[in-house]
file model-v4.txt (compact mmCIF, C-alpha atoms)
# COMPACT_ATOMS: atom_id res chain seq x y z
CA MET A 708 -12.96 104.05 222.53
CA LYS A 709 -15.23 106.30 224.59
CA ALA A 710 -14.09 108.93 227.07
CA ASP A 711 -13.73 107.37 230.50
CA LEU A 712 -13.48 109.98 233.24
CA GLU A 713 -13.78 108.27 236.65
CA PHE A 714 -14.06 109.67 240.19
CA LYS A 715 -13.38 108.56 243.75
CA TYR A 716 -14.22 110.86 246.67
CA HIS A 717 -12.04 110.94 249.79
CA THR A 718 -13.31 113.93 251.76
CA GLN A 719 -14.59 114.77 255.22
CA ALA A 720 -17.93 115.93 253.79
CA ASN A 721 -20.96 114.78 255.76
CA LYS A 722 -22.80 112.35 253.45
CA ASN A 723 -25.80 112.49 255.81
CA HIS A 724 -26.11 116.24 255.32
CA GLU A 725 -28.87 117.91 253.31
CA SER A 726 -26.43 118.46 250.41
CA PHE A 727 -26.37 114.73 249.60
CA LYS A 728 -30.10 113.94 249.87
CA LYS A 729 -31.56 112.67 246.63
CA GLU A 730 -34.20 115.40 246.44
CA THR A 731 -31.56 118.09 246.93
CA LEU A 732 -29.30 116.66 244.25
CA LEU A 733 -32.21 116.33 241.84
CA GLU A 734 -33.15 119.95 242.54
CA TYR A 735 -29.65 121.06 241.54
CA LEU A 736 -29.75 118.80 238.49
CA GLY A 737 -32.94 120.60 237.48
CA ARG A 738 -31.22 123.95 237.96
CA PHE A 739 -28.30 122.81 235.82
CA LYS A 740 -30.63 121.62 233.06
CA LYS A 741 -32.35 124.98 233.11
CA ILE A 742 -28.98 126.70 232.66
CA ILE A 743 -27.89 124.62 229.69
CA GLU A 744 -31.31 124.86 228.03
CA SER A 745 -31.15 128.65 228.13
CA GLU A 746 -30.57 130.34 224.76
CA SER A 747 -28.02 132.65 226.42
CA VAL A 748 -25.74 129.75 227.49
CA GLY A 749 -24.37 127.63 224.67
CA PHE A 750 -21.31 125.73 225.93
CA PHE A 751 -23.10 122.45 226.70
CA ARG A 752 -24.84 122.10 223.32
CA LEU A 753 -21.84 123.21 221.27
CA SER A 754 -20.54 119.70 220.60
CA GLU A 755 -23.91 118.56 219.24
CA ASP A 756 -23.59 120.87 216.21
CA THR A 757 -20.95 120.37 213.50
CA THR A 758 -21.05 124.01 212.34
CA GLN A 759 -17.89 125.01 214.21
CA LEU A 760 -16.07 121.83 213.17
CA LYS A 761 -16.79 122.43 209.49
CA ALA A 762 -15.80 126.10 209.63
CA ALA A 763 -12.50 125.35 211.39
CA LYS A 764 -11.62 122.57 208.92
CA LYS A 765 -12.37 124.82 205.95
CA MET A 766 -10.18 127.60 207.37
CA PHE A 767 -7.40 125.12 208.11
CA GLU A 768 -7.38 123.95 204.50
CA LYS A 769 -6.80 127.53 203.38
CA PHE A 770 -3.85 128.18 205.69
CA LYS A 771 -2.41 124.73 206.47
CA HIS A 772 0.86 125.56 204.69
CA LYS A 773 1.79 127.96 207.53
CA LYS A 774 4.52 126.68 209.84
CA HIS A 775 4.19 129.06 212.79
CA PHE A 776 0.80 129.53 214.44
CA VAL A 777 0.60 132.58 216.72
CA GLN A 778 -2.49 132.82 218.93
CA VAL A 779 -3.24 136.44 219.82
CA GLY A 780 -5.69 136.56 222.71
CA ILE A 781 -5.90 136.68 226.48
CA GLY A 782 -7.69 134.68 229.17
CA GLY A 783 -9.97 132.06 227.67
CA SER A 784 -8.94 133.16 224.17
CA ALA A 785 -5.46 131.76 224.81
CA LEU A 786 -5.47 129.40 227.82
CA GLY A 787 -7.91 126.85 226.38
CA PRO A 788 -6.10 126.48 223.05
CA GLN A 789 -2.73 126.33 224.81
CA ALA A 790 -4.01 123.56 227.10
CA LEU A 791 -5.13 121.53 224.07
CA ILE A 792 -1.83 122.01 222.26
CA ASP A 793 0.38 121.27 225.26
CA ALA A 794 -1.65 118.14 226.04
CA LEU A 795 -2.14 116.65 222.59
CA LYS A 796 0.10 118.19 219.93
CA SER A 797 1.26 115.54 217.45
CA ASP A 798 2.32 117.65 214.46
CA LYS A 799 5.91 118.62 215.24
CA LYS A 800 6.28 120.62 212.00
CA VAL A 801 4.18 123.55 213.23
CA LYS A 802 5.53 125.92 215.87
CA PHE A 803 3.12 127.59 218.32
CA SER A 804 3.40 130.89 220.16
CA PHE A 805 0.93 132.81 222.32
CA MET A 806 0.76 136.60 222.38
CA ASP A 807 -1.25 136.50 225.59
CA ASN A 808 0.20 139.38 227.58
CA THR A 809 1.12 143.04 227.18
CA ASP A 810 4.69 142.57 228.39
CA SER A 811 6.91 144.29 225.81
CA GLU A 812 9.97 142.18 226.62
CA TYR A 813 8.02 138.96 226.20
CA ILE A 814 6.49 140.14 222.92
CA ALA A 815 9.91 141.19 221.60
CA ASP A 816 11.38 137.77 222.42
CA LEU A 817 8.41 136.03 220.79
CA LEU A 818 8.62 138.03 217.56
CA ASP A 819 12.36 137.35 217.35
CA GLU A 820 11.41 133.70 216.78
CA VAL A 821 8.82 134.42 214.04
CA ASN A 822 9.56 134.03 210.34
CA PRO A 823 7.08 136.53 208.83
CA GLN A 824 6.55 134.52 205.65
CA GLU A 825 5.62 131.34 207.55
CA ALA A 826 3.48 132.92 210.29
CA LEU A 827 -0.28 132.91 210.75
CA PHE A 828 -1.61 135.20 213.48
CA TYR A 829 -4.95 134.10 214.95
CA ILE A 830 -6.61 137.18 216.48
CA VAL A 831 -9.19 136.02 219.03
CA SER A 832 -11.56 138.40 220.79
CA LYS A 833 -15.28 137.79 221.08
CA SER A 834 -16.00 141.47 221.66
CA GLY A 835 -13.50 142.52 219.04
CA GLY A 836 -12.23 145.26 221.31
CA THR A 837 -10.18 143.57 224.06
CA ALA A 838 -7.39 146.05 224.76
CA GLU A 839 -4.59 143.51 225.14
CA THR A 840 -5.58 141.66 221.97
CA VAL A 841 -5.99 144.80 219.90
CA ALA A 842 -2.60 146.05 221.12
CA ASN A 843 -0.86 142.81 220.12
CA PHE A 844 -2.74 142.71 216.81
CA SER A 845 -1.37 146.16 216.09
CA ILE A 846 2.15 145.03 216.98
CA ALA A 847 1.86 141.90 214.79
CA ARG A 848 0.56 143.98 211.88
CA ASN A 849 3.41 146.47 212.21
CA PHE A 850 5.91 143.60 212.52
CA LEU A 851 4.75 142.05 209.25
CA LYS A 852 4.81 145.35 207.39
CA LYS A 853 8.27 146.15 208.74
CA ASN A 854 9.45 142.78 207.40
CA GLY A 855 8.27 143.32 203.85
CA ILE A 856 4.65 142.16 203.89
CA LYS A 857 2.63 144.61 201.78
CA GLU A 858 -0.74 145.96 202.93
CA GLU A 859 -2.58 143.81 200.39
CA GLY A 860 -0.67 140.73 201.59
CA LEU A 861 -1.67 140.99 205.25
CA LYS A 862 -4.79 138.90 204.53
CA ASP A 863 -2.47 135.92 204.03
CA HIS A 864 -1.18 136.18 207.59
CA PHE A 865 -4.25 136.90 209.74
CA VAL A 866 -7.41 135.04 210.73
CA PHE A 867 -9.90 136.66 213.10
CA CYS A 868 -12.17 134.84 215.56
CA THR A 869 -14.90 137.04 216.96
CA ASP A 870 -18.63 137.63 217.39
CA PRO A 871 -20.63 136.52 214.34
CA ASN A 872 -22.44 139.82 213.90
CA SER A 873 -20.87 142.76 215.67
CA GLY A 874 -17.68 144.25 217.09
CA HIS A 875 -14.61 146.03 215.75
CA LEU A 876 -12.86 142.90 214.43
CA ARG A 877 -15.98 141.77 212.60
CA GLU A 878 -16.31 145.21 211.06
CA LEU A 879 -12.62 145.24 210.02
CA ALA A 880 -12.93 141.76 208.50
CA ARG A 881 -15.87 142.90 206.37
CA LYS A 882 -14.12 146.11 205.35
CA GLU A 883 -10.70 144.72 204.48
CA GLY A 884 -11.47 141.11 203.58
CA PHE A 885 -9.72 139.30 206.41
CA ALA A 886 -10.66 135.66 206.97
CA CYS A 887 -12.92 135.32 209.99
CA LEU A 888 -14.32 132.55 212.20
CA GLU A 889 -17.18 132.91 214.67
CA VAL A 890 -17.36 132.66 218.43
CA PRO A 891 -21.06 131.93 219.07
CA SER A 892 -22.78 134.84 220.76
CA ASN A 893 -23.91 132.65 223.67
CA ILE A 894 -20.45 131.34 224.58
CA GLY A 895 -18.15 133.39 226.81
CA GLY A 896 -14.38 133.34 226.38
CA ARG A 897 -13.59 131.04 229.29
CA PHE A 898 -16.18 128.52 228.03
CA SER A 899 -14.93 128.68 224.43
CA VAL A 900 -12.20 126.02 224.22
CA LEU A 901 -14.42 123.69 222.13
CA SER A 902 -15.46 126.49 219.78
CA ASN A 903 -13.43 127.86 216.87
CA VAL A 904 -11.26 129.55 219.51
CA GLY A 905 -9.64 126.19 220.23
CA LEU A 906 -10.54 124.17 217.14
CA LEU A 907 -8.39 125.97 214.56
CA PRO A 908 -5.15 125.81 216.60
CA ALA A 909 -5.98 122.19 217.45
CA LEU A 910 -6.05 121.33 213.75
CA PHE A 911 -2.64 122.90 213.21
CA ALA A 912 -1.38 120.78 216.13
CA GLY A 913 -2.62 117.56 214.51
CA ILE A 914 -5.40 117.05 217.06
CA SER A 915 -8.62 115.30 216.06
CA ILE A 916 -11.31 117.90 216.70
CA ASP A 917 -13.96 115.28 215.90
CA ASP A 918 -12.66 113.29 218.87
CA LEU A 919 -12.80 116.38 221.10
CA TYR A 920 -16.50 116.70 220.29
CA ALA A 921 -17.09 112.97 220.63
CA GLY A 922 -15.55 113.00 224.11
CA ALA A 923 -17.71 115.92 225.20
CA ASN A 924 -20.78 114.06 223.95
CA ASP A 925 -19.64 110.81 225.62
CA ILE A 926 -19.73 112.35 229.09
CA LYS A 927 -23.13 114.04 228.88
CA GLU A 928 -25.00 110.97 230.11
CA SER A 929 -22.83 110.94 233.25
CA LEU A 930 -23.58 114.64 233.82
CA LEU A 931 -27.33 114.42 233.32
CA THR A 932 -28.28 111.05 234.82
CA GLU A 933 -30.91 111.09 237.58
CA ASP A 934 -29.07 108.24 239.28
CA VAL A 935 -27.56 110.74 241.70
CA GLU A 936 -25.02 108.30 243.16
CA GLU A 937 -23.54 107.81 239.68
CA ASN A 938 -23.74 111.43 238.55
CA ILE A 939 -20.15 112.70 238.67
CA LEU A 940 -21.26 116.31 238.27
CA LEU A 941 -23.74 116.26 241.16
CA GLN A 942 -21.45 114.30 243.47
CA SER A 943 -18.45 116.58 242.80
CA ALA A 944 -20.49 119.74 243.31
CA ALA A 945 -22.13 118.39 246.48
CA HIS A 946 -18.78 117.49 248.05
CA ILE A 947 -17.30 120.92 247.27
CA ALA A 948 -20.43 122.81 248.36
CA ASP A 949 -20.83 120.87 251.62
CA LEU A 950 -17.19 121.49 252.57
CA TYR A 951 -17.52 125.16 251.66
CA ARG A 952 -20.66 125.59 253.77
CA THR A 953 -20.16 123.34 256.78
CA ALA A 954 -16.53 122.21 257.20
CA GLN A 955 -14.31 123.65 259.92
CA PRO A 956 -12.23 125.27 258.62
CA ALA A 957 -14.36 126.15 255.61
CA VAL A 958 -12.98 124.77 252.35
CA ASN A 959 -12.65 127.76 250.04
CA GLN A 960 -9.64 126.75 247.93
CA THR A 961 -9.62 124.28 245.06
CA VAL A 962 -6.44 122.60 243.84
CA PHE A 963 -6.36 120.95 240.41
CA MET A 964 -3.34 118.66 240.15
CA PRO A 965 -2.92 116.45 237.09
CA TYR A 966 -0.01 114.05 237.29
CA SER A 967 1.27 114.99 233.85
CA SER A 968 3.60 117.65 232.48
CA ARG A 969 1.54 117.72 229.29
CA LEU A 970 -1.54 118.66 231.33
CA LYS A 971 0.21 121.40 233.31
CA THR A 972 -1.44 124.10 231.19
CA LEU A 973 -4.83 122.45 231.68
CA SER A 974 -4.56 123.35 235.37
CA HIS A 975 -4.00 127.01 234.40
CA TRP A 976 -7.04 126.87 232.10
CA PHE A 977 -9.04 125.53 235.07
CA VAL A 978 -7.80 128.41 237.25
CA GLN A 979 -9.12 131.02 234.81
CA LEU A 980 -12.44 129.22 234.29
CA TRP A 981 -13.02 128.69 238.03
CA GLY A 982 -11.66 132.00 239.34
CA GLU A 983 -13.30 134.37 236.88
CA SER A 984 -16.61 132.52 237.07
CA LEU A 985 -16.99 131.96 240.82
CA GLY A 986 -15.26 134.87 242.54
CA LYS A 987 -18.10 137.40 242.89
CA ILE A 988 -19.90 139.85 245.15
CA ARG A 989 -23.19 138.05 245.78
CA SER A 990 -26.10 140.34 244.94
CA ILE A 991 -28.53 139.00 247.57
CA ASP A 992 -26.31 139.93 250.55
CA SER A 993 -23.22 141.72 249.10
CA ALA A 994 -21.01 138.94 250.46
CA ASN A 995 -17.67 138.25 248.79
CA VAL A 996 -17.80 134.60 247.74
CA GLY A 997 -15.59 132.27 245.77
CA LEU A 998 -13.46 129.16 245.63
CA THR A 999 -9.85 130.19 245.07
CA PRO A 1000 -8.27 127.94 242.41
CA ILE A 1001 -4.69 126.74 242.76
CA PRO A 1002 -2.79 125.18 239.82
CA ALA A 1003 -0.45 122.28 240.50
CA TYR A 1004 0.96 119.25 238.71
CA GLY A 1005 2.59 116.05 239.79
CA ALA A 1006 5.04 114.77 240.56
CA THR A 1007 6.83 118.16 240.44
CA ASP A 1008 4.62 119.84 243.06
CA GLN A 1009 5.15 117.00 245.50
CA HIS A 1010 8.40 118.83 246.15
CA SER A 1011 6.89 122.29 246.57
CA GLN A 1012 3.20 122.87 247.28
CA MET A 1013 2.41 119.38 248.54
CA GLN A 1014 3.97 120.09 251.94
CA LEU A 1015 1.43 122.88 252.40
CA PHE A 1016 -1.43 120.73 251.08
CA MET A 1017 -0.42 117.88 253.39
CA GLU A 1018 0.24 119.67 256.68
CA GLY A 1019 -1.18 123.16 256.18
CA PRO A 1020 -4.76 124.23 256.91
CA SER A 1021 -7.51 121.86 255.75
CA ASP A 1022 -9.17 124.65 253.76
CA LYS A 1023 -8.53 123.03 250.37
CA ILE A 1024 -10.04 120.30 248.27
CA LEU A 1025 -7.59 118.64 245.89
CA MET A 1026 -8.72 117.29 242.53
CA ILE A 1027 -5.92 114.88 241.61
CA LEU A 1028 -5.98 113.58 238.04
CA GLU A 1029 -4.28 110.29 237.20
CA ILE A 1030 -3.55 108.97 233.69
CA LYS A 1031 -3.70 105.18 233.84
CA ASN A 1032 -1.81 104.37 230.63
CA ARG A 1033 0.98 106.28 228.91
CA LYS A 1034 2.34 105.77 225.40
CA THR A 1035 5.98 105.58 226.47
CA ASP A 1036 8.05 104.29 229.38
CA PHE A 1037 11.67 104.01 230.53
CA GLU A 1038 13.49 101.23 232.35
CA LEU A 1039 15.25 102.45 235.51
CA ASP A 1040 17.81 99.64 235.58
CA SER A 1041 21.34 101.07 235.41
CA SER A 1042 24.92 100.34 236.33
CA LEU A 1043 24.96 103.07 238.98
CA GLY A 1044 26.31 101.82 242.26
CA MET A 1045 24.26 104.30 244.30
CA GLU A 1046 21.78 102.73 246.72
CA PRO A 1047 18.85 104.92 245.49
CA ALA A 1048 19.50 103.82 241.90
CA GLN A 1049 19.68 100.16 242.95
CA LYS A 1050 16.30 100.48 244.72
CA LEU A 1051 14.74 101.84 241.54
CA SER A 1052 16.41 99.44 239.11
CA PRO A 1053 13.62 96.77 239.07
CA TYR A 1054 11.02 99.32 238.02
CA THR A 1055 10.05 101.64 235.18
CA LEU A 1056 9.47 105.39 235.18
CA ASN A 1057 5.71 104.89 234.89
CA GLN A 1058 5.73 102.58 237.89
CA LEU A 1059 7.59 105.24 239.87
CA LEU A 1060 4.99 107.87 238.97
CA GLU A 1061 2.18 105.44 239.85
CA ALA A 1062 3.81 104.88 243.23
CA GLN A 1063 4.13 108.64 243.76
CA ILE A 1064 0.44 109.19 242.98
CA ASN A 1065 -0.70 106.41 245.28
CA GLY A 1066 1.70 107.42 248.02
CA THR A 1067 0.41 110.98 247.89
CA LEU A 1068 -3.21 109.83 247.96
CA GLN A 1069 -2.58 107.56 250.96
CA ALA A 1070 -0.76 110.31 252.83
CA LEU A 1071 -3.50 112.87 252.14
CA LYS A 1072 -6.14 110.42 253.36
CA ALA A 1073 -4.08 109.68 256.48
CA GLN A 1074 -3.97 113.43 257.17
CA LYS A 1075 -7.76 113.60 256.66
CA LYS A 1076 -7.43 116.03 253.75
CA HIS A 1077 -10.17 116.49 251.15
CA VAL A 1078 -9.47 114.73 247.84
CA ILE A 1079 -11.35 114.01 244.64
CA HIS A 1080 -9.35 111.36 242.77
CA MET A 1081 -10.01 111.62 239.04
CA SER A 1082 -8.64 109.22 236.44
CA ILE A 1083 -8.63 108.73 232.68
CA SER A 1084 -7.37 105.73 230.73
CA GLU A 1085 -5.01 107.83 228.61
CA ASN A 1086 -4.31 111.39 227.53
CA ASN A 1087 -6.18 111.68 224.24
CA ALA A 1088 -8.53 114.07 222.44
CA ARG A 1089 -11.65 112.19 223.47
CA ASN A 1090 -10.81 112.41 227.17
CA MET A 1091 -9.74 116.04 226.79
CA GLY A 1092 -13.12 116.92 225.30
CA ALA A 1093 -14.83 115.14 228.19
CA MET A 1094 -12.73 116.93 230.82
CA ALA A 1095 -13.34 120.32 229.23
CA LEU A 1096 -17.10 119.84 229.32
CA PHE A 1097 -17.01 118.41 232.84
CA PHE A 1098 -15.16 121.41 234.30
CA GLU A 1099 -17.32 123.89 232.38
CA SER A 1100 -20.43 122.13 233.69
CA LEU A 1101 -19.10 121.96 237.25
CA THR A 1102 -18.34 125.68 237.12
CA ALA A 1103 -21.84 126.51 235.93
CA LEU A 1104 -23.43 124.34 238.64
CA MET A 1105 -21.24 125.78 241.41
CA GLY A 1106 -22.65 129.17 240.49
CA GLU A 1107 -26.02 127.83 241.63
CA TYR A 1108 -24.59 126.62 244.94
CA LEU A 1109 -22.96 130.02 245.52
CA ASP A 1110 -26.01 132.02 244.35
CA ILE A 1111 -23.97 134.01 241.84
CA ASP A 1112 -23.84 134.43 238.06
CA PRO A 1113 -20.86 132.39 236.80
CA PHE A 1114 -21.10 133.88 233.30
CA ASN A 1115 -20.25 137.52 234.02
CA GLN A 1116 -17.06 139.23 235.22
CA PRO A 1117 -17.86 142.64 236.72
CA GLY A 1118 -14.57 142.79 238.60
CA VAL A 1119 -12.64 142.39 235.35
CA GLU A 1120 -14.75 145.09 233.68
CA LEU A 1121 -14.07 147.47 236.58
CA GLY A 1122 -10.33 146.97 236.15
CA LYS A 1123 -10.64 147.73 232.42
CA LYS A 1124 -12.52 150.94 233.18
CA TYR A 1125 -9.78 152.22 235.48
CA ALA A 1126 -7.05 151.18 233.02
CA TYR A 1127 -8.62 153.27 230.25
CA GLU A 1128 -9.01 156.19 232.62
CA TYR A 1129 -5.30 155.93 233.43
CA LEU A 1130 -4.41 155.95 229.74
CA LYS A 1131 -6.52 159.06 229.15
CA ASN A 1132 -4.68 160.82 231.97
CA LEU A 1133 -1.34 159.95 230.34
CA SER A 1134 -2.37 161.82 227.20
call {"tool": "encode", "arguments": {"input": "model-v4.txt", "output": "structure tokens"}}
result
Amino acid sequence: MKADLEFKYHTQANKNHESFKKETLLEYLGRFKKIIESESVGFFRLSEDTTQLKAAKKMFEKFKHKKHFVQVGIGGSALGPQALIDALKSDKKVKFSFMDNTDSEYIADLLDEVNPQEALFYIVSKSGGTAETVANFSIARNFLKKNGIKEEGLKDHFVFCTDPNSGHLRELARKEGFACLEVPSNIGGRFSVLSNVGLLPALFAGISIDDLYAGANDIKESLLTEDVEENILLQSAAHIADLYRTAQPAVNQTVFMPYSSRLKTLSHWFVQLWGESLGKIRSIDSANVGLTPIPAYGATDQHSQMQLFMEGPSDKILMILEIKNRKTDFELDSSLGMEPAQKLSPYTLNQLLEAQINGTLQALKAQKKHVIHMSISENNARNMGAMALFFESLTALMGEYLDIDPFNQPGVELGKKYAYEYLKNLS
């Protein structure tokens, strides 16, 4: 079954505006094609090559006996894989942990749960020198040695994922014989979920990585079609851009709200992809631009953020994701004498969630809020691959609308510079 991402647009965007004219949309489609055809940008073509799939499968065969998979990375080197695992994990025998912060208390608690003999640490850094990752690599290495793993045995507990040619991790792998996978040179960390960064942990989680790639390939026709009314990429970008440019108040916040606990982490992956890519100082006029991402998930956030989304300022566009079919359900019929329980008794839990989604959509439309209603038939690897490529593509195209480079992160680099200066002053 093919990936089946569908969209309905309920916004106050002006469909008669320049943004929605066919020639304008085709111009932006041409810009997008130019981006993905560039040798320096590889995320879109990644799923057309089986090189990463084969490498990840080969590495998995070598280490598949490990029962605790620890991802050591930060940002895109952790959020993408965690989103895949939280959404799709089927192998309950393998435990997953993420050393994705430099919080000593968190790291201590995490390591307390690790059996050194059963653990595989996956050290992910494209540059090979990310401070947080190197720090946690050092801690993991010391932890293993403290627990009886000899120097020569460390190779049985570490896999690196880094640049194919250069960097400190690549150099260490060559020198000391550590197993190593590649992050293609033309794929940045936040666009790397469908590379080895996400593929190896996905295999340990029992996820079909072939289906992830198939889903990404399924959706490409919908992203590249010149039938602009049917192009979900062009229509989504045009709605967001028009509201950002012309709406009063300007729409400069983007909420991603899947109605699924298993997709909660996917919303955090979206936040990193969107925020780090689109929040920039624009070079042509030094303006601070961006679309602030907000993570949410239903139905939980109907009882927290939704009040703000519903009656607060109309400066947000909500992307609400619905899963049409779920693998399990629960009857709500019970012997409870409470009136609320009696009202629910004819229905199932899935019917209640469906009612909550539709009630929220109707209320948002009644309040004239801006909504993109997304839906998939079910939560599976094929649809996850399609969604990953859609959001990566939308991010790249929004860079064109904002006149910024979505593939750099100068603000992050500035923070790193000051952090290292602070450390030098400590010594």
call {"tool": "closest_atom_pairs", "arguments": {"input": "model-v4.txt", "of": "stretch 969-1062 of chain A", "to": "stretch 886-900 of chain A", "cutoff": "9 Å", "atoms": "only C-alpha atoms", "output": "JSON lines"}}
result
{"residue": "A:Trp976", "atom": "CA", "partner": "A:Arg897", "partner_atom": "CA", "distance": 8.3}
{"residue": "A:Gln979", "atom": "CA", "partner": "A:Arg897", "partner_atom": "CA", "distance": 7.1}
{"residue": "A:Leu980", "atom": "CA", "partner": "A:Arg897", "partner_atom": "CA", "distance": 5.4}
{"residue": "A:Glu983", "atom": "CA", "partner": "A:Arg897", "partner_atom": "CA", "distance": 8.3}
{"residue": "A:Ser984", "atom": "CA", "partner": "A:Arg897", "partner_atom": "CA", "distance": 8.5}
call {"tool": "atom_distance", "arguments": {"input": "model-v4.txt", "atom1": "atom CA of A:Gly1092", "atom2": "atom CA of A:Tyr920"}}
result
6.0 Å
call {"tool": "atom_distance", "arguments": {"input": "model-v4.txt", "atom1": "atom CA of A:Thr1007", "atom2": "atom CA of A:Thr1067"}}
result
12.2 Å
call {"tool": "atom_distance", "arguments": {"input": "model-v4.txt", "atom1": "atom CA of A:Asn843", "atom2": "atom CA of A:Thr809"}}
result
7.3 Å
call {"tool": "closest_residue", "arguments": {"input": "model-v4.txt", "among": "A:Phe1016, A:Phe751, A:Phe727, A:Tyr966", "to": "A:Asn1086", "atoms": "only C-alpha atoms"}}
result
A:Tyr966
call {"tool": "residues_around", "arguments": {"input": "model-v4.txt", "residues": "A:Leu733", "least_positions_apart": "6", "cutoff": "9 Å", "atoms": "all atoms listed in the file", "output": "PyMOL selection string"}}
result
chain A and resi 933+935+941
call {"tool": "residues_around", "arguments": {"input": "model-v4.txt", "residues": "stretch 778-784 of chain A", "least_positions_apart": "3", "cutoff": "7 Å", "atoms": "only C-alpha atoms", "output": "ChimeraX atom specification"}}
result
/A:787,804-808,828-832,840,843-844,896-897,899,904,979
call {"tool": "residues_near_point", "arguments": {"input": "model-v4.txt", "point": "(-6.4, 121.3, 240.1)", "cutoff": "6 Å", "atoms": "all atoms listed in the file", "output": "ChimeraX atom specification"}}
result
/A:962-964,974,1002,1026
call {"tool": "residues_near_point", "arguments": {"input": "model-v4.txt", "point": "(-18.4, 118.5, 229.1)", "cutoff": "12 Å", "atoms": "all atoms listed in the file", "output": "ChimeraX atom specification"}}
result
/A:710,712,743,749-755,898-901,919-931,939-940,1089-1103
call {"tool": "closest_residue", "arguments": {"input": "model-v4.txt", "among": "A:Leu1059, A:Val777, A:Cys868, A:Ile1024", "to": "A:Asp1036", "atoms": "all atoms listed in the file"}}
result
A:Leu1059
call {"tool": "closest_residue", "arguments": {"input": "model-v4.txt", "among": "A:Ser902, A:Asn938, A:Asn1115, A:Ser993", "to": "A:Gln759", "atoms": "only C-alpha atoms"}}
result
A:Ser902
call {"tool": "closest_residue", "arguments": {"input": "model-v4.txt", "among": "A:Asp863, A:Asp798, A:Glu730, A:Glu1120", "to": "A:Ala826", "atoms": "all atoms listed in the file"}}
result
A:Asp863
call {"tool": "residues_around", "arguments": {"input": "model-v4.txt", "residues": "A:Ala1062", "least_positions_apart": "4", "cutoff": "12 Å", "atoms": "only C-alpha atoms", "output": "compact mmCIF listing (two decimals) with C-alpha atoms, in the coordinates of the input"}}
result
# COMPACT_ATOMS: atom_id res chain seq x y z
CA TYR A 966 -0.01 114.05 237.29
CA GLY A 1005 2.59 116.05 239.79
CA ALA A 1006 5.04 114.77 240.56
CA GLU A 1029 -4.28 110.29 237.20
CA LEU A 1051 14.74 101.84 241.54
CA TYR A 1054 11.02 99.32 238.02
CA THR A 1055 10.05 101.64 235.18
CA LEU A 1056 9.47 105.39 235.18
CA ASN A 1057 5.71 104.89 234.89
CA GLN A 1058 5.73 102.58 237.89
CA GLY A 1066 1.70 107.42 248.02
CA THR A 1067 0.41 110.98 247.89
CA LEU A 1068 -3.21 109.83 247.96
CA GLN A 1069 -2.58 107.56 250.96
CA ALA A 1070 -0.76 110.31 252.83
call {"tool": "closest_residue", "arguments": {"input": "model-v4.txt", "among": "A:Gln1014, A:Asp1110, A:Ile914, A:Gln1063", "to": "A:Leu795", "atoms": "all atoms listed in the file"}}
result
A:Ile914
call {"tool": "closest_atom_pairs", "arguments": {"input": "model-v4.txt", "of": "stretch 940-1046 of chain A", "to": "stretch 714-721 of chain A", "cutoff": "9 Å", "atoms": "only C-alpha atoms", "output": "JSON lines"}}
result
{"residue": "A:Gln942", "atom": "CA", "partner": "A:Tyr716", "partner_atom": "CA", "distance": 8.6}
{"residue": "A:Ser943", "atom": "CA", "partner": "A:Tyr716", "partner_atom": "CA", "distance": 8.1}
{"residue": "A:Ala945", "atom": "CA", "partner": "A:Ala720", "partner_atom": "CA", "distance": 8.8}
{"residue": "A:His946", "atom": "CA", "partner": "A:Ala720", "partner_atom": "CA", "distance": 6.0}
{"residue": "A:Ile947", "atom": "CA", "partner": "A:Ala720", "partner_atom": "CA", "distance": 8.2}
{"residue": "A:Asp949", "atom": "CA", "partner": "A:Ala720", "partner_atom": "CA", "distance": 6.1}
{"residue": "A:Leu950", "atom": "CA", "partner": "A:Ala720", "partner_atom": "CA", "distance": 5.7}
{"residue": "A:Thr953", "atom": "CA", "partner": "A:Ala720", "partner_atom": "CA", "distance": 8.3}
{"residue": "A:Ala954", "atom": "CA", "partner": "A:Ala720", "partner_atom": "CA", "distance": 7.3}
{"residue": "A:Ile1024", "atom": "CA", "partner": "A:Thr718", "partner_atom": "CA", "distance": 8.0}
call {"tool": "closest_residue", "arguments": {"input": "model-v4.txt", "among": "A:Phe1114, A:Phe911, A:Trp981, A:Phe865", "to": "A:Phe767", "atoms": "all atoms listed in the file"}}
result
A:Phe911
